[in-house]
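Colleague: My questions all concern the structure below.
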Amino acid sequence: MEKLMNIGFGNMVNTGKIIGIISSDSAPAKRLIQRGKEQEILIDATQGRRTKSVIFTDNNTIILSALQPETLAGRFNGNAAEVYDDTKE
């Protein structure tokens with residue numbers, strides 16, 4: 001299994017499934033979020049906070065996070081303690 005990345009509030013995402021992380025501020029991002037809600041492929045991991053990042057996975061799931069895209073990118077690249085590698089024993 002790939003590494004798990006903390007996307008905020010104890011929620012984890014498999015880093016091997018992520019294909020993109022974008023800011024939620026643009027109009028196209030807001031349209032994609034709305035389309036994800038309509039198609040029931042959206043996972044809201046914001047715990048009621050303001051959405052700052054939209055994560056896209058290879059199985060067409062859209063995940064919302066309350067963390068900045070830059071923060072998630074740092075975690076994705078292994079530059080933070082919030083990345084968990086289950087291959088290490």
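Note on naming: chains are A, B, ... as they come in the structure tokens, residues start from 1 per chain, ligands start from 1 in the order shown.
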Please provide as an NGL selection string all residues within 8 Å of Ser24 (chain A), with the sequence filter that same-chain residues fewer than 4 positions apart are discarded (counting only C-alpha atoms).

Modeller: :A and (29-30 or 51-54)

Colleague: Could you write out the selected residues, including N, CA and C atoms, as an mmCIF file, in the first residue's frame?

Modeller:
```cif
data_model
loop_
_atom_site.group_PDB
_atom_site.id
_atom_site.type_symbol
_atom_site.label_atom_id
_atom_site.label_comp_id
_atom_site.auth_asym_id
_atom_site.auth_seq_id
_atom_site.Cartn_x
_atom_site.Cartn_y
_atom_site.Cartn_z
ATOM 1 N N ALA A 29 -13.355 25.323 -10.189
ATOM 2 C CA ALA A 29 -13.287 24.424 -9.040
ATOM 3 C C ALA A 29 -14.647 24.328 -8.357
ATOM 4 N N LYS A 30 -15.327 25.442 -8.234
ATOM 5 C CA LYS A 30 -16.655 25.438 -7.619
ATOM 6 C C LYS A 30 -17.656 24.636 -8.456
ATOM 7 N N THR A 51 -13.763 25.256 2.850
ATOM 8 C CA THR A 51 -13.001 24.444 1.910
ATOM 9 C C THR A 51 -11.901 25.283 1.283
ATOM 10 N N LYS A 52 -10.655 24.804 1.365
ATOM 11 C CA LYS A 52 -9.528 25.516 0.772
ATOM 12 C C LYS A 52 -8.860 24.720 -0.338
ATOM 13 N N SER A 53 -9.014 23.388 -0.319
ATOM 14 C CA SER A 53 -8.383 22.542 -1.324
ATOM 15 C C SER A 53 -9.357 21.510 -1.851
ATOM 16 N N VAL A 54 -9.174 21.175 -3.121
ATOM 17 C CA VAL A 54 -9.951 20.120 -3.760
ATOM 18 C C VAL A 54 -8.943 19.084 -4.256
#
```

Colleague: Could you find all residues in region 12-45 of chain A that DSSP calls strand (DSSP E) from the backbone, and write them as a list in words?

Modeller: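 The strand (DSSP E) subset of region 12-45 of chain A is Met12, Val13, Asn14, Ile18, Ile19, Gly20, Ile21, Ile22, Ser23, Leu42, Ile43 and Asp44 of chain A.
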
Colleague: Here is a test: counting only C-alpha atoms, which residue of A:Met12, A:Leu4, A:Ile63, A:Ala27 is nearest to Leu42 (chain A)?

Modeller: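 Closest to Leu42 (chain A) of all the choices is A:Ile63.
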
Colleague: Could you please determine the separation between CA of Thr61 (chain A) and CA of Gly16 (chain A) in Å, to one decimal place?

Modeller: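 That distance, rounded to one decimal, is 13.4 Å.
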
Colleague: Apply DSSP to the backbone of this structure and, from chain A, keep only the residues in alpha helix (DSSP H); write these as a list in words.

Modeller: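 Selecting the alpha helix (DSSP H) positions of chain A gives Ala27, Pro28, Ala29, Lys30, Arg31, Leu32, Ile33, Gln34, Arg35, Gly36, Lys37, Glu38, Gln39, Pro69, Glu70, Thr71, Leu72, Ala73, Gly74, Arg75 and Phe76 of chain A.
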
Colleague: Would you kindly return, as a PyMOL selection string, each protein, DNA or RNA residue with an atom no farther than 8 Å from any atom of Asn14 (chain A), considering only C-alpha atoms and excluding same-chain residues fewer than 5 positions away?

Modeller: chain A and resi 2-5

Colleague: Tell me, in Å to one decimal, how far CA of Asn6 (chain A) is from CA of Phe76 (chain A).

Modeller: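 About the pair CA of Asn6 (chain A) and CA of Phe76 (chain A): they are 9.1 Å apart.
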
Colleague: Can you work out the spacing between CA of Thr71 (chain A) and CA of Ile55 (chain A) in Å, to one decimal?

Modeller: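 Calculated distance between CA of Thr71 (chain A) and CA of Ile55 (chain A) is 12.5 Å.
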